[in-house]
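Below: the structure, in structure tokens.
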Amino acid sequence: MIDESTAMSVTRATRPAARLGFLVTGGSVFVLWNLATLVGALAGTVVGDPRDYGLDAAVGAAFLALLWPRLDTTRNRVVAVAAAAVAVGAIPLTAAGVPVLVAGGVALLVGALGPRTGGAR
């Protein structure tokens, strides 16, 4: 289970569409990831340092693209802003990687303590 396949399944209206989105996305990522790994292993030195291309920003942009469809309600937007604010506040106080975990904790806390909305598919 990965971010991309989960994002493609939870936004579908029916269970069969969710399964199809999950399987197609998961399969595509699996194939393309392994293909890119092979290309990198064979020709990685030709490409040079990935940091020179700004690929570190692509990870954040890809995550935002996965998150964007879920920001369809005011509650979800408030949770996203609060989690981002906590993460930014944690940056100078914690080690790398911890702000993301703390932001995830904010979202989990809101989900655990908040009212139940909708139902499981």
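Ordering of the structure tokens sets the chain letters (A, B, ...), residue numbers begin anew at 1 in every chain, and ligands are numbered from 1 in the order given.
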Problem set entry | Within 8 Å of range 50-66 of chain A using only C-alpha atoms, minus same-chain residues under 4 positions, as a ChimeraX atom specification | /A:3-4,7
For the selection you just gave me, I'd like the residues written to a file as a short mmCIF file (atom, residue, chain, number, x, y, z; two decimals), in the first residue's frame, keeping N, CA, C and O atoms.
data_model
loop_
_atom_site.label_atom_id
_atom_site.label_comp_id
_atom_site.auth_asym_id
_atom_site.auth_seq_id
_atom_site.Cartn_x
_atom_site.Cartn_y
_atom_site.Cartn_z
N ASP A 3 1.15 5.69 -1.05
CA ASP A 3 0.37 6.93 -1.12
C ASP A 3 -0.41 7.05 -2.43
O ASP A 3 -1.59 7.38 -2.43
N GLU A 4 0.27 6.79 -3.53
CA GLU A 4 -0.34 7.02 -4.84
C GLU A 4 -1.55 6.11 -5.08
O GLU A 4 -2.61 6.58 -5.50
N ALA A 7 -4.41 7.08 -2.73
CA ALA A 7 -5.06 8.32 -3.16
C ALA A 7 -5.98 8.08 -4.34
O ALA A 7 -7.07 8.66 -4.42
#
For this session: Going by DSSP on the backbone, which bits of chain A are helix (DSSP H, G or I)? Write them as a count of residues only, please.
Result: 94
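CA of Leu38 in chain A to CA of Phe22 in chain A spans 24.1 Å [interatomic distance, one decimal].
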Tell me, as a CSV table (one decimal) with C-alpha atoms, in the first residue's frame, which residues lie within 10 Å of Met8 in chain A, counting only C-alpha atoms; anything in the same chain fewer than 6 positions away does not count.
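Saved the output as part.csv:
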chain,number,residue,atom,x,y,z
A,17,ALA,CA,-13.7,1.7,-9.3
A,18,ALA,CA,-11.7,2.1,-6.1
A,19,ARG,CA,-10.2,-1.4,-6.6
A,20,LEU,CA,-9.4,-0.7,-10.2
A,21,GLY,CA,-7.7,2.7,-9.3
A,22,PHE,CA,-5.7,1.0,-6.5
A,23,LEU,CA,-4.5,-1.9,-8.7
A,24,VAL,CA,-3.7,0.1,-11.8
A,25,THR,CA,-1.9,2.8,-9.9
A,26,GLY,CA,0.0,0.3,-7.7
A,66,LEU,CA,-2.1,13.5,-3.9
A,69,PRO,CA,-8.5,16.1,-3.9
Problem set entry | Two-atom distance - CA of Ala82 in chain A, CA of Leu101 in chain A (Å) |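 Taking CA of Ala82 in chain A as the start and CA of Leu101 in chain A as the end point, the length is 13.4 Å.
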Exercise. Given the choices A:Arg75, A:Pro16, A:Val81, A:Val102, which gets closest to Pro115 in chain A if the distance is worked out from only C-alpha atoms?
Worked result: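 Ranking A:Arg75, A:Pro16, A:Val81, A:Val102 by distance to Pro115 in chain A, first place goes to A:Arg75.
Take CA of Thr11 in chain A and CA of Asn76 in chain A: the distance between them is 14.1 Å.
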Exercise. Nearest to Gly89 in chain A among A:Ala103, A:Leu42, A:Arg70, A:Arg77, with distances taken over only C-alpha atoms: which residue is it?
Worked result: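 Selected residue with least distance to Gly89 in chain A: A:Ala103.
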